[in-house]
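The file work12.csv contains CSV, C-alpha atoms:
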```
chain,number,residue,atom,x,y,z
A,982,MET,CA,25.6,-66.1,-22.6
A,983,LYS,CA,28.1,-69.0,-22.4
A,984,THR,CA,29.4,-68.5,-25.9
A,985,ALA,CA,29.7,-64.8,-25.4
A,986,SER,CA,31.9,-65.2,-22.3
A,987,THR,CA,34.1,-67.8,-24.0
A,988,LEU,CA,34.5,-65.4,-26.9
A,989,CYS,CA,35.3,-62.7,-24.5
A,990,ALA,CA,38.0,-64.7,-22.8
A,991,ALA,CA,39.7,-65.2,-26.1
A,992,ALA,CA,39.3,-61.7,-27.5
A,993,ALA,CA,41.0,-58.5,-26.3
A,994,PHE,CA,39.5,-56.7,-23.4
A,995,ALA,CA,38.5,-53.6,-25.3
A,996,LEU,CA,36.4,-55.8,-27.7
A,997,CYS,CA,34.6,-57.5,-24.8
A,998,THR,CA,33.2,-54.3,-23.4
A,999,LEU,CA,31.2,-53.7,-26.6
A,1000,PRO,CA,28.9,-56.8,-26.4
A,1001,ALA,CA,28.4,-56.0,-22.7
A,1002,LEU,CA,27.0,-52.6,-23.6
A,1003,ALA,CA,24.7,-54.0,-26.2
A,1004,GLN,CA,23.2,-56.4,-23.6
A,1005,LYS,CA,21.9,-53.5,-21.5
A,1006,THR,CA,18.2,-53.8,-21.0
A,1007,ALA,CA,15.8,-51.0,-21.6
A,1008,SER,CA,15.1,-50.5,-18.0
A,1009,GLN,CA,18.9,-50.2,-17.3
A,1010,GLY,CA,19.0,-47.6,-20.0
A,1011,ILE,CA,16.2,-45.7,-18.4
A,1012,ASP,CA,17.9,-45.9,-15.0
A,1013,GLU,CA,21.0,-44.3,-16.5
A,1014,TYR,CA,19.0,-41.6,-18.0
A,1015,ARG,CA,17.3,-40.9,-14.6
A,1016,ALA,CA,20.7,-40.8,-12.9
A,1017,MET,CA,21.8,-38.2,-15.3
A,1018,LEU,CA,18.7,-36.1,-14.6
A,1019,GLN,CA,19.2,-36.3,-10.8
A,1020,ASP,CA,22.0,-33.8,-10.9
A,1021,GLY,CA,20.0,-30.8,-12.1
A,1022,ASN,CA,16.5,-31.4,-10.8
A,1023,PRO,CA,14.5,-28.3,-11.8
A,1024,ALA,CA,12.3,-29.0,-8.8
A,1025,GLU,CA,14.9,-26.9,-7.0
A,1026,LEU,CA,13.6,-23.8,-8.9
A,1027,PHE,CA,10.1,-24.5,-7.5
A,1028,GLU,CA,11.5,-25.0,-4.0
A,1029,ALA,CA,13.1,-21.6,-4.1
A,1030,LYS,CA,9.8,-20.1,-5.3
A,1031,GLY,CA,7.9,-21.9,-2.6
A,1032,GLU,CA,10.2,-20.6,0.1
A,1033,ASP,CA,9.8,-17.1,-1.1
A,1034,LEU,CA,6.0,-17.5,-1.2
A,1035,TRP,CA,5.9,-18.8,2.4
A,1036,LYS,CA,7.7,-15.7,3.7
A,1037,LYS,CA,6.0,-13.2,1.4
A,1038,ALA,CA,3.0,-11.1,2.6
A,1039,ARG,CA,0.2,-11.8,0.1
A,1040,GLY,CA,-3.6,-12.0,-0.3
A,1041,PRO,CA,-6.4,-9.7,0.8
A,1042,LYS,CA,-5.1,-9.8,4.4
A,1043,ASN,CA,-1.5,-9.1,3.2
A,1044,ALA,CA,-0.1,-11.7,5.5
A,1045,THR,CA,2.7,-14.4,5.2
A,1046,LEU,CA,2.2,-18.1,5.8
A,1047,GLU,CA,4.8,-18.2,8.6
A,1048,LYS,CA,2.1,-18.8,11.2
A,1049,CYS,CA,0.6,-21.7,9.3
A,1050,ASP,CA,0.3,-24.9,11.4
A,1051,LEU,CA,1.1,-27.9,9.3
A,1052,GLY,CA,0.8,-30.3,12.2
A,1053,LYS,CA,3.8,-29.6,14.3
A,1054,GLY,CA,2.8,-26.1,15.5
A,1055,PRO,CA,2.6,-22.7,13.8
A,1056,GLY,CA,5.5,-22.0,11.4
A,1057,VAL,CA,7.2,-25.5,11.8
A,1058,VAL,CA,8.0,-26.8,8.3
A,1059,LYS,CA,10.7,-29.4,8.9
A,1060,GLY,CA,9.4,-32.9,9.2
A,1061,VAL,CA,5.8,-32.1,8.7
A,1062,PHE,CA,5.6,-33.6,5.2
A,1063,VAL,CA,6.3,-37.2,6.3
A,1064,GLU,CA,3.4,-37.1,8.8
A,1065,LEU,CA,0.7,-35.8,6.4
A,1066,PRO,CA,-2.2,-36.4,5.8
A,1067,ARG,CA,-3.2,-36.2,9.4
A,1068,TYR,CA,-6.2,-35.0,11.6
A,1069,PHE,CA,-6.3,-31.3,12.5
A,1070,SER,CA,-8.5,-30.4,15.5
A,1071,ASP,CA,-9.1,-26.8,14.3
A,1072,THR,CA,-10.7,-27.8,11.0
A,1073,GLN,CA,-11.9,-31.2,12.4
A,1074,ARG,CA,-10.8,-32.8,9.2
A,1075,VAL,CA,-8.1,-35.1,8.0
A,1076,GLN,CA,-6.0,-32.9,5.6
A,1077,ASP,CA,-3.1,-33.5,3.3
A,1078,LEU,CA,-0.4,-30.9,2.6
A,1079,GLU,CA,-2.2,-29.2,-0.2
A,1080,SER,CA,-5.6,-29.0,1.5
A,1081,ARG,CA,-3.8,-27.7,4.7
A,1082,LEU,CA,-2.1,-25.0,2.6
A,1083,LEU,CA,-5.5,-24.0,1.3
A,1084,THR,CA,-6.8,-23.7,4.9
A,1085,CYS,CA,-3.8,-21.5,5.8
A,1086,MET,CA,-4.2,-19.3,2.7
A,1087,GLU,CA,-7.8,-18.8,3.7
A,1088,THR,CA,-7.5,-18.1,7.4
A,1089,LEU,CA,-4.2,-16.2,7.3
A,1090,GLN,CA,-4.1,-14.6,3.9
A,1091,GLY,CA,-7.8,-14.3,3.2
A,1092,PHE,CA,-7.8,-16.0,-0.2
A,1093,ASN,CA,-11.0,-17.5,-1.6
A,1094,VAL,CA,-9.8,-21.1,-1.5
A,1095,ALA,CA,-13.0,-22.5,-3.2
A,1096,GLU,CA,-11.9,-20.5,-6.2
A,1097,ILE,CA,-8.3,-21.8,-6.0
A,1098,ALA,CA,-9.6,-25.4,-5.7
A,1099,LYS,CA,-11.6,-24.9,-8.9
A,1100,THR,CA,-8.7,-23.4,-10.8
A,1101,PRO,CA,-7.2,-25.9,-13.2
A,1102,PHE,CA,-3.7,-27.3,-12.4
A,1103,GLY,CA,-0.9,-25.2,-13.7
A,1104,LYS,CA,-2.8,-21.9,-13.6
A,1105,GLY,CA,-2.8,-18.9,-11.3
A,1106,GLU,CA,-2.7,-19.7,-7.6
A,1107,GLN,CA,-2.6,-23.4,-8.2
A,1108,ASN,CA,1.1,-22.9,-9.3
A,1109,ASN,CA,1.8,-21.2,-6.0
A,1110,VAL,CA,0.2,-24.1,-4.0
A,1111,THR,CA,2.4,-26.5,-5.9
A,1112,ALA,CA,5.6,-24.5,-5.4
A,1113,LEU,CA,4.8,-24.2,-1.6
A,1114,ALA,CA,4.2,-28.0,-1.5
A,1115,ALA,CA,7.6,-28.5,-3.3
A,1116,TRP,CA,9.5,-26.5,-0.8
A,1117,ILE,CA,7.7,-28.0,2.3
A,1118,SER,CA,8.3,-31.5,1.1
A,1119,ALA,CA,12.0,-30.7,0.4
A,1120,GLU,CA,12.3,-29.7,4.1
A,1121,SER,CA,11.6,-33.3,5.0
A,1122,LYS,CA,13.9,-34.9,2.4
A,1123,ASP,CA,15.4,-38.3,3.5
A,1124,MET,CA,13.0,-38.5,6.5
A,1125,LYS,CA,10.8,-41.6,7.0
A,1126,PHE,CA,7.1,-41.6,6.5
A,1127,ASN,CA,5.3,-42.0,9.8
A,1128,LEU,CA,1.6,-41.2,9.5
A,1129,SER,CA,-0.6,-41.1,12.6
A,1130,GLN,CA,-3.4,-43.5,12.9
A,1131,ALA,CA,-4.3,-42.5,16.5
A,1132,HIS,CA,-7.4,-40.5,15.8
A,1133,ALA,CA,-10.6,-42.4,14.9
A,1134,THR,CA,-11.1,-40.2,11.8
A,1135,GLU,CA,-7.6,-41.1,10.6
A,1136,LYS,CA,-8.4,-44.8,10.8
A,1137,ASN,CA,-11.7,-44.1,9.1
A,1138,PHE,CA,-9.9,-42.3,6.2
A,1139,TYR,CA,-7.5,-45.3,5.8
A,1140,GLU,CA,-10.4,-47.7,5.4
A,1141,VAL,CA,-12.2,-45.3,3.0
A,1142,GLY,CA,-8.9,-44.9,1.0
A,1143,LYS,CA,-8.5,-48.6,0.8
A,1144,ARG,CA,-12.0,-49.1,-0.6
A,1145,LEU,CA,-11.4,-46.3,-3.1
A,1146,PHE,CA,-8.1,-47.9,-4.1
A,1147,PHE,CA,-9.9,-51.2,-4.9
A,1148,GLN,CA,-13.1,-49.7,-6.3
A,1149,ARG,CA,-13.6,-50.6,-9.9
A,1150,GLY,CA,-15.6,-48.5,-12.3
A,1151,GLY,CA,-15.6,-46.2,-15.3
A,1152,PRO,CA,-15.8,-47.3,-19.0
A,1153,HIS,CA,-12.7,-49.5,-18.5
A,1154,ASP,CA,-13.8,-51.1,-15.2
A,1155,PHE,CA,-10.5,-49.9,-13.7
A,1156,SER,CA,-9.4,-49.4,-10.2
A,1157,CYS,CA,-6.1,-48.0,-8.7
A,1158,ALA,CA,-5.3,-51.7,-7.9
A,1159,SER,CA,-5.5,-52.7,-11.5
A,1160,CYS,CA,-2.1,-51.1,-12.0
A,1161,HIS,CA,-0.7,-50.7,-8.5
A,1162,GLY,CA,-1.9,-53.9,-6.8
A,1163,GLU,CA,0.9,-56.3,-7.9
A,1164,ASP,CA,4.6,-56.5,-8.0
A,1165,GLY,CA,6.6,-56.2,-11.2
A,1166,LYS,CA,4.1,-54.5,-13.4
A,1167,ARG,CA,4.8,-51.6,-15.8
A,1168,ILE,CA,3.3,-49.3,-18.4
A,1169,ARG,CA,5.6,-49.1,-21.3
A,1170,LEU,CA,8.9,-48.4,-19.6
A,1171,GLN,CA,7.5,-47.0,-16.4
A,1172,ASP,CA,7.7,-49.4,-13.4
A,1173,LEU,CA,4.5,-49.5,-11.5
A,1174,PRO,CA,5.0,-49.7,-7.7
A,1175,ASN,CA,2.8,-52.0,-5.7
A,1176,LEU,CA,1.0,-49.5,-3.5
A,1177,THR,CA,-0.9,-52.0,-1.3
A,1178,LYS,CA,2.3,-52.3,0.8
A,1179,ASN,CA,5.4,-50.3,1.4
A,1180,PRO,CA,6.9,-50.0,-2.1
A,1181,GLY,CA,10.3,-48.9,-0.7
A,1182,ASP,CA,12.3,-45.7,-0.2
A,1183,GLY,CA,11.4,-42.9,-2.6
A,1184,ILE,CA,8.8,-44.9,-4.6
A,1185,GLY,CA,5.2,-44.1,-5.0
A,1186,PHE,CA,3.8,-41.8,-2.2
A,1187,ALA,CA,7.4,-41.0,-1.2
A,1188,ALA,CA,8.3,-39.5,-4.6
A,1189,TRP,CA,5.6,-36.7,-5.0
A,1190,PRO,CA,5.7,-33.7,-5.5
A,1191,ALA,CA,7.9,-34.3,-8.5
A,1192,TYR,CA,9.2,-32.5,-11.6
A,1193,ARG,CA,8.3,-34.2,-14.9
A,1194,VAL,CA,11.0,-33.7,-17.5
A,1195,SER,CA,8.8,-34.7,-20.4
A,1196,ASN,CA,6.3,-31.8,-20.0
A,1197,GLY,CA,8.4,-29.5,-17.8
A,1198,GLN,CA,5.8,-29.4,-15.1
A,1199,MET,CA,5.9,-29.6,-11.3
A,1200,TRP,CA,3.2,-31.8,-9.9
A,1201,GLY,CA,1.9,-32.2,-6.4
A,1202,MET,CA,0.3,-35.4,-5.0
A,1203,GLN,CA,-3.2,-34.0,-5.8
A,1204,GLN,CA,-2.4,-33.7,-9.5
A,1205,ARG,CA,-0.8,-37.1,-9.5
A,1206,LEU,CA,-4.0,-38.7,-8.1
A,1207,ASN,CA,-6.1,-36.6,-10.5
A,1208,ASP,CA,-4.1,-37.9,-13.4
A,1209,CYS,CA,-4.6,-41.5,-12.2
A,1210,TYR,CA,-8.3,-40.9,-12.3
A,1211,ARG,CA,-8.0,-39.4,-15.7
A,1212,GLN,CA,-6.2,-42.5,-17.0
A,1213,GLN,CA,-9.0,-44.6,-15.5
A,1214,ARG,CA,-11.5,-42.4,-17.4
A,1215,PHE,CA,-13.2,-41.5,-14.1
A,1216,PRO,CA,-14.6,-38.1,-13.5
A,1217,TYR,CA,-12.0,-35.8,-11.9
A,1218,PRO,CA,-12.1,-35.9,-8.2
A,1219,GLY,CA,-12.3,-32.4,-6.6
A,1220,PHE,CA,-9.0,-30.7,-5.6
A,1221,ALA,CA,-8.2,-31.5,-2.0
A,1222,SER,CA,-11.5,-33.5,-1.7
A,1223,ASP,CA,-11.9,-36.0,1.1
A,1224,ALA,CA,-11.7,-38.8,-1.5
A,1225,THR,CA,-8.2,-37.8,-2.6
A,1226,ILE,CA,-7.1,-37.3,1.0
A,1227,ALA,CA,-8.4,-40.7,2.0
A,1228,LEU,CA,-6.3,-42.2,-0.8
A,1229,GLY,CA,-3.4,-40.2,0.5
A,1230,VAL,CA,-3.9,-41.7,4.0
A,1231,TYR,CA,-4.0,-45.2,2.5
A,1232,LEU,CA,-0.9,-44.7,0.5
A,1233,GLY,CA,0.9,-42.8,3.2
A,1234,VAL,CA,0.2,-45.3,6.0
A,1235,ASN,CA,1.3,-48.2,3.7
A,1236,SER,CA,4.5,-46.3,3.1
A,1237,LYS,CA,5.4,-46.2,6.8
A,1238,GLY,CA,9.2,-46.3,7.2
A,1239,ALA,CA,9.9,-45.4,3.5
A,1240,LYS,CA,12.3,-42.5,3.0
A,1241,SER,CA,10.9,-39.4,1.2
A,1242,ILE,CA,12.9,-38.2,-1.8
A,1243,ALA,CA,10.3,-35.5,-2.7
A,1244,PRO,CA,10.5,-33.3,-4.6
A,1245,ALA,CA,11.7,-36.0,-7.1
A,1246,ILE,CA,12.4,-36.0,-10.8
A,1247,LYS,CA,10.4,-38.1,-13.2
A,1248,ARG,CA,10.8,-39.1,-16.8
B,1035,MET,CA,11.9,-9.9,-13.7
B,1036,ALA,CA,12.8,-13.5,-14.3
B,1037,ASP,CA,13.2,-16.0,-11.5
B,1038,PRO,CA,16.6,-16.6,-10.0
B,1039,MET,CA,19.0,-19.3,-11.1
B,1040,ARG,CA,20.4,-21.9,-8.9
B,1041,ILE,CA,24.2,-22.0,-9.1
B,1042,ARG,CA,26.5,-24.4,-7.3
B,1043,ALA,CA,30.3,-24.4,-7.8
B,1044,GLN,CA,32.6,-26.9,-6.2
B,1045,ALA,CA,36.4,-26.9,-6.3
B,1046,SER,CA,38.4,-30.1,-6.4
B,1047,GLY,CA,41.6,-31.1,-8.0
B,1048,GLY,CA,42.6,-27.7,-9.5
B,1049,LYS,CA,39.3,-27.0,-11.2
B,1050,ALA,CA,35.8,-26.0,-10.2
B,1051,THR,CA,32.7,-27.8,-11.4
B,1052,VAL,CA,29.8,-25.4,-11.9
B,1053,ARG,CA,26.2,-26.5,-12.1
B,1054,VAL,CA,23.5,-24.0,-13.2
B,1055,LEU,CA,19.8,-24.4,-13.2
B,1056,MET,CA,17.9,-21.7,-15.0
B,1057,SER,CA,14.2,-20.9,-14.8
B,1058,HIS,CA,12.9,-20.2,-18.3
B,1059,GLU,CA,10.0,-21.3,-20.4
B,1060,MET,CA,12.2,-21.9,-23.5
B,1061,GLU,CA,9.2,-21.8,-25.9
B,1062,SER,CA,10.4,-23.1,-29.3
B,1063,GLY,CA,8.0,-21.1,-31.4
B,1064,GLN,CA,6.7,-24.4,-33.0
B,1065,ARG,CA,3.8,-25.1,-30.6
B,1066,LYS,CA,0.2,-24.0,-31.0
B,1067,ASP,CA,-2.0,-23.0,-28.1
B,1068,ALA,CA,-5.6,-24.2,-27.4
B,1069,ALA,CA,-7.0,-21.7,-29.9
B,1070,GLY,CA,-4.7,-23.0,-32.6
B,1071,LYS,CA,-2.5,-19.9,-32.7
B,1072,LEU,CA,1.3,-20.2,-32.7
B,1073,VAL,CA,2.9,-19.6,-29.4
B,1074,PRO,CA,5.7,-17.1,-30.1
B,1075,ALA,CA,9.3,-18.3,-29.6
B,1076,TRP,CA,10.8,-17.3,-26.3
B,1077,PHE,CA,14.2,-18.7,-25.5
B,1078,ILE,CA,17.6,-18.0,-24.1
B,1079,GLN,CA,20.0,-16.8,-26.8
B,1080,GLU,CA,23.2,-16.0,-25.0
B,1081,VAL,CA,24.8,-17.5,-21.9
B,1082,THR,CA,28.0,-16.1,-20.4
B,1083,ALA,CA,29.9,-17.0,-17.3
B,1084,THR,CA,32.7,-15.1,-15.5
B,1085,LEU,CA,35.2,-16.0,-12.9
B,1086,ASN,CA,36.0,-13.0,-10.6
B,1087,GLY,CA,34.7,-10.8,-13.4
B,1088,LYS,CA,36.8,-12.4,-16.1
B,1089,PRO,CA,34.9,-14.1,-18.9
B,1090,VAL,CA,35.3,-17.9,-19.0
B,1091,LEU,CA,32.4,-19.1,-21.1
B,1092,SER,CA,30.1,-17.8,-23.7
B,1093,ALA,CA,27.5,-19.8,-25.5
B,1094,GLU,CA,24.8,-19.2,-28.1
B,1095,TRP,CA,21.6,-21.2,-27.4
B,1096,GLY,CA,18.6,-21.9,-29.6
B,1097,PRO,CA,15.0,-23.0,-29.3
B,1098,ALA,CA,16.0,-26.7,-29.0
B,1099,VAL,CA,17.2,-26.3,-25.5
B,1100,SER,CA,14.8,-27.7,-22.9
B,1101,LYS,CA,12.6,-25.8,-20.5
B,1102,ASN,CA,14.2,-25.0,-17.2
B,1103,PRO,CA,17.7,-25.8,-18.6
B,1104,PHE,CA,20.6,-27.3,-16.7
B,1105,MET,CA,24.1,-26.5,-17.6
B,1106,GLN,CA,27.3,-27.9,-16.2
B,1107,PHE,CA,30.9,-26.9,-16.9
B,1108,ALA,CA,34.3,-26.9,-15.3
B,1109,ILE,CA,36.7,-23.9,-14.8
B,1110,LYS,CA,40.4,-24.8,-14.6
B,1111,GLY,CA,42.3,-23.1,-11.8
B,1112,ALA,CA,39.2,-21.8,-9.9
B,1113,LYS,CA,39.7,-22.0,-6.2
B,1114,SER,CA,37.3,-22.0,-3.3
B,1115,GLY,CA,36.2,-18.4,-2.5
B,1116,ASP,CA,36.2,-17.3,-6.1
B,1117,LYS,CA,33.1,-15.7,-7.5
B,1118,VAL,CA,31.3,-17.3,-10.5
B,1119,ALA,CA,28.6,-15.2,-12.2
B,1120,VAL,CA,26.3,-16.5,-14.9
B,1121,THR,CA,24.2,-14.3,-17.2
B,1122,TRP,CA,21.6,-15.3,-19.7
B,1123,LYS,CA,19.8,-13.1,-22.2
B,1124,ASP,CA,16.7,-14.2,-24.1
B,1125,ASN,CA,15.2,-13.2,-27.5
B,1126,LYS,CA,12.8,-10.8,-25.8
B,1127,GLY,CA,15.8,-8.9,-24.4
B,1128,ASP,CA,15.1,-10.0,-20.8
B,1129,THR,CA,18.3,-10.8,-18.9
B,1130,ARG,CA,19.3,-12.3,-15.5
B,1131,THR,CA,22.6,-12.5,-13.7
B,1132,ASP,CA,23.3,-14.6,-10.6
B,1133,GLU,CA,26.4,-15.1,-8.7
B,1134,ALA,CA,27.8,-17.9,-6.5
B,1135,THR,CA,30.9,-18.5,-4.5
B,1136,VAL,CA,33.1,-21.5,-5.2
B,1137,SER,CA,33.1,-23.9,-2.2
```
Rendering of file as structure tokens:
Amino acid sequence: MKTASTLCAAAAFALCTLPALAQKTASQGIDEYRAMLQDGNPAELFEAKGEDLWKKARGPKNATLEKCDLGKGPGVVKGVFVELPRYFSDTQRVQDLESRLLTCMETLQGFNVAEIAKTPFGKGEQNNVTALAAWISAESKDMKFNLSQAHATEKNFYEVGKRLFFQRGGPHDFSCASCHGEDGKRIRLQDLPNLTKNPGDGIGFAAWPAYRVSNGQMWGMQQRLNDCYRQQRFPYPGFASDATIALGVYLGVNSKGAKSIAPAIKR
Amino acid sequence: MADPMRIRAQASGGKATVRVLMSHEMESGQRKDAAGKLVPAWFIQEVTATLNGKPVLSAEWGPAVSKNPFMQFAIKGAKSGDKVAVTWKDNKGDTRTDEATVS
């Protein structure tokens, strides 16, 4: 470093900028690449689709989702995302955004949601659930996570989520905490957030749903968790199952105060 | 009918910066599906843009352009209130035109 700067002082300015560029670390390069992608996030295309789906009469009952109660009263979309998952008294369950959407699609539109939950990601109605989640999350962009822990079931889900997070198993004896339990870890060039505490604005729980550039897919939180379990070689958890929601409560409560940037853009 | 584009156009310093997001599969024709059969190529071939109906850009695209492509360009002399229209046409003959007002 010292010799480089001495050389720089002696050489012309234009020559000095070159070694500075060469010293750029891999993670700085990745950051630049991400900044370039920010400008045209294709998640916007899914947002537009989700907004249309919300207002469109569909399903056996030919109804819209505009009366859907996502936690702040029927039809209220703004600000709901940063308070989910939460307890709903009508279903007597703790639900995340995607499971709540399934409830609305069943009660309002008459869809067979067990069928939708069984549909693989990226196929049929699953695409519509993801698009809806993209739009609803976008309506809470830049708001801070503030999950309720007032109801006993919500507290219970937090504790269950915590246990699942640290539960080791599978052929690799892995848990979520193996990758996401310490600061400063990474897989190849991907920084791994420490999810046992608030990882910061727009990181971890606050960054999904997100568009993945490498495969051109829009992913919701459910698919993100599903993929974590796939990487751990666990059996896939059921779509919108209590286990995935409990993990969502654990991550969401830990992220209290973090700003949501969803729908984000990823590598 | 294809999904709509997202077009933003902002004027500053005697030019307008136009950002366009298109919704398209952009299938290269090189990939195989789960059954091992080639997925037929399906991509945008022609992109044109007009300012108040006057052509300002035309481009020929190929299968190397990414899925859901993003395009950015600047139009000299475009003012706020002007209308920018973008059209694409793919190799299946499907086409889509969307318009935005420069702000």
Could you list, with a cut-off of 12 Å and counting only C-alpha atoms, the residues of chain B near chain A, each shown with its nearest atom pair and the distance in Å rounded to one decimal, rows sorted by chain and ascending number, as JSON lines?
```
{"residue": "B:Ala1036", "atom": "CA", "partner": "A:Lys1030", "partner_atom": "CA", "distance": 11.6}
{"residue": "B:Asp1037", "atom": "CA", "partner": "A:Lys1030", "partner_atom": "CA", "distance": 8.2}
{"residue": "B:Pro1038", "atom": "CA", "partner": "A:Leu1026", "partner_atom": "CA", "distance": 7.9}
{"residue": "B:Met1039", "atom": "CA", "partner": "A:Leu1026", "partner_atom": "CA", "distance": 7.4}
{"residue": "B:Arg1040", "atom": "CA", "partner": "A:Leu1026", "partner_atom": "CA", "distance": 7.1}
{"residue": "B:Ile1041", "atom": "CA", "partner": "A:Gly1021", "partner_atom": "CA", "distance": 10.2}
{"residue": "B:Arg1042", "atom": "CA", "partner": "A:Gly1021", "partner_atom": "CA", "distance": 10.3}
{"residue": "B:Val1052", "atom": "CA", "partner": "A:Gly1021", "partner_atom": "CA", "distance": 11.2}
{"residue": "B:Arg1053", "atom": "CA", "partner": "A:Gly1021", "partner_atom": "CA", "distance": 7.5}
{"residue": "B:Val1054", "atom": "CA", "partner": "A:Gly1021", "partner_atom": "CA", "distance": 7.7}
{"residue": "B:Leu1055", "atom": "CA", "partner": "A:Gly1021", "partner_atom": "CA", "distance": 6.5}
{"residue": "B:Met1056", "atom": "CA", "partner": "A:Leu1026", "partner_atom": "CA", "distance": 7.8}
{"residue": "B:Ser1057", "atom": "CA", "partner": "A:Leu1026", "partner_atom": "CA", "distance": 6.6}
{"residue": "B:His1058", "atom": "CA", "partner": "A:Leu1026", "partner_atom": "CA", "distance": 10.1}
{"residue": "B:Glu1059", "atom": "CA", "partner": "A:Gly1197", "partner_atom": "CA", "distance": 8.7}
{"residue": "B:Met1060", "atom": "CA", "partner": "A:Gly1197", "partner_atom": "CA", "distance": 10.2}
{"residue": "B:Glu1061", "atom": "CA", "partner": "A:Gly1197", "partner_atom": "CA", "distance": 11.2}
{"residue": "B:Ser1100", "atom": "CA", "partner": "A:Gly1197", "partner_atom": "CA", "distance": 8.4}
{"residue": "B:Lys1101", "atom": "CA", "partner": "A:Gly1197", "partner_atom": "CA", "distance": 6.2}
{"residue": "B:Asn1102", "atom": "CA", "partner": "A:Pro1023", "partner_atom": "CA", "distance": 6.3}
{"residue": "B:Pro1103", "atom": "CA", "partner": "A:Pro1023", "partner_atom": "CA", "distance": 7.9}
{"residue": "B:Phe1104", "atom": "CA", "partner": "A:Gly1021", "partner_atom": "CA", "distance": 5.8}
{"residue": "B:Met1105", "atom": "CA", "partner": "A:Gly1021", "partner_atom": "CA", "distance": 8.1}
{"residue": "B:Gln1106", "atom": "CA", "partner": "A:Gly1021", "partner_atom": "CA", "distance": 8.9}
```
So which residues touch region 1167-1177 of chain A within 8 Å, counting all atoms listed in the file, skipping near sequence neighbours fewer than 5 positions away, as a compact mmCIF listing (two decimals) with C-alpha atoms, in the coordinates of the input?
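Okay, selection31.txt is ready:
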```txt
# COMPACT_ATOMS: atom_id res chain seq x y z
CA ALA A 1007 15.80 -51.00 -21.60
CA SER A 1008 15.10 -50.50 -18.00
CA ILE A 1011 16.20 -45.70 -18.40
CA ALA A 1158 -5.30 -51.70 -7.90
CA CYS A 1160 -2.10 -51.10 -12.00
CA HIS A 1161 -0.70 -50.70 -8.50
CA GLY A 1162 -1.90 -53.90 -6.80
CA ILE A 1184 8.80 -44.90 -4.60
CA GLY A 1185 5.20 -44.10 -5.00
CA LEU A 1232 -0.90 -44.70 0.50
CA ASN A 1235 1.30 -48.20 3.70
```
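With distances restricted to all atoms listed in the file, B:Gly1111 is the closest residue to Gly1047 (chain B) from B:Gly1111, B:Ala1119, B:Thr1131, B:Asn1125.
The space between CA of Leu1091 (chain B) and CA of Thr1121 (chain B) spans 10.3 Å.
Here the question is which of B:Val1120, B:Val1099, B:Ala1108, B:Ala1134 gets nearest to Ser1046 (chain B) using all atoms listed in the file, and that residue is B:Ala1108.
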Distance cut-off 7 Å, centre (-9.1, -44.8, 4.5) in file coordinates, counting all atoms listed in the file: which residues qualify? Return them as number ranges by chain. A: 1136-1143, 1227-1228, 1230-1231
Write the residues of the selection above to a file with C-alpha atoms, as a CSV table (one decimal), in the frame of the given file.
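Output below, filename selection-v8.csv:
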```
chain,number,residue,atom,x,y,z
A,1136,LYS,CA,-8.4,-44.8,10.8
A,1137,ASN,CA,-11.7,-44.1,9.1
A,1138,PHE,CA,-9.9,-42.3,6.2
A,1139,TYR,CA,-7.5,-45.3,5.8
A,1140,GLU,CA,-10.4,-47.7,5.4
A,1141,VAL,CA,-12.2,-45.3,3.0
A,1142,GLY,CA,-8.9,-44.9,1.0
A,1143,LYS,CA,-8.5,-48.6,0.8
A,1227,ALA,CA,-8.4,-40.7,2.0
A,1228,LEU,CA,-6.3,-42.2,-0.8
A,1230,VAL,CA,-3.9,-41.7,4.0
A,1231,TYR,CA,-4.0,-45.2,2.5
```
Please return, as JSON, numbers by chain, all polymer residues that have at least one atom within 12 Å of the point (-16.1, -43.6, -15.4); use only C-alpha atoms and the file's own coordinate frame. {"A": [1148, 1149, 1150, 1151, 1152, 1153, 1154, 1155, 1156, 1210, 1211, 1212, 1213, 1214, 1215, 1216, 1217, 1218]}
Phe1220 (chain A) surroundings by all atoms listed in the file, 9 Å radius, close-in-sequence under 5 positions cut, as a PyMOL selection string: chain A and resi 1079-1080+1097-1100+1203-1204+1207+1225
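Of the listed residues A:Ser1070, A:Gln1076, A:Thr1084, A:Gln1107, the one whose atoms come nearest to Asp1223 (chain A) is A:Gln1076, with distances taken using all atoms listed in the file.
Residue nearest Gly1115 (chain B) within the list B:Asn1086, B:Thr1051, B:Thr1129, B:Ser1092: B:Asn1086 [criterion: smallest interatomic distance, all atoms listed in the file].
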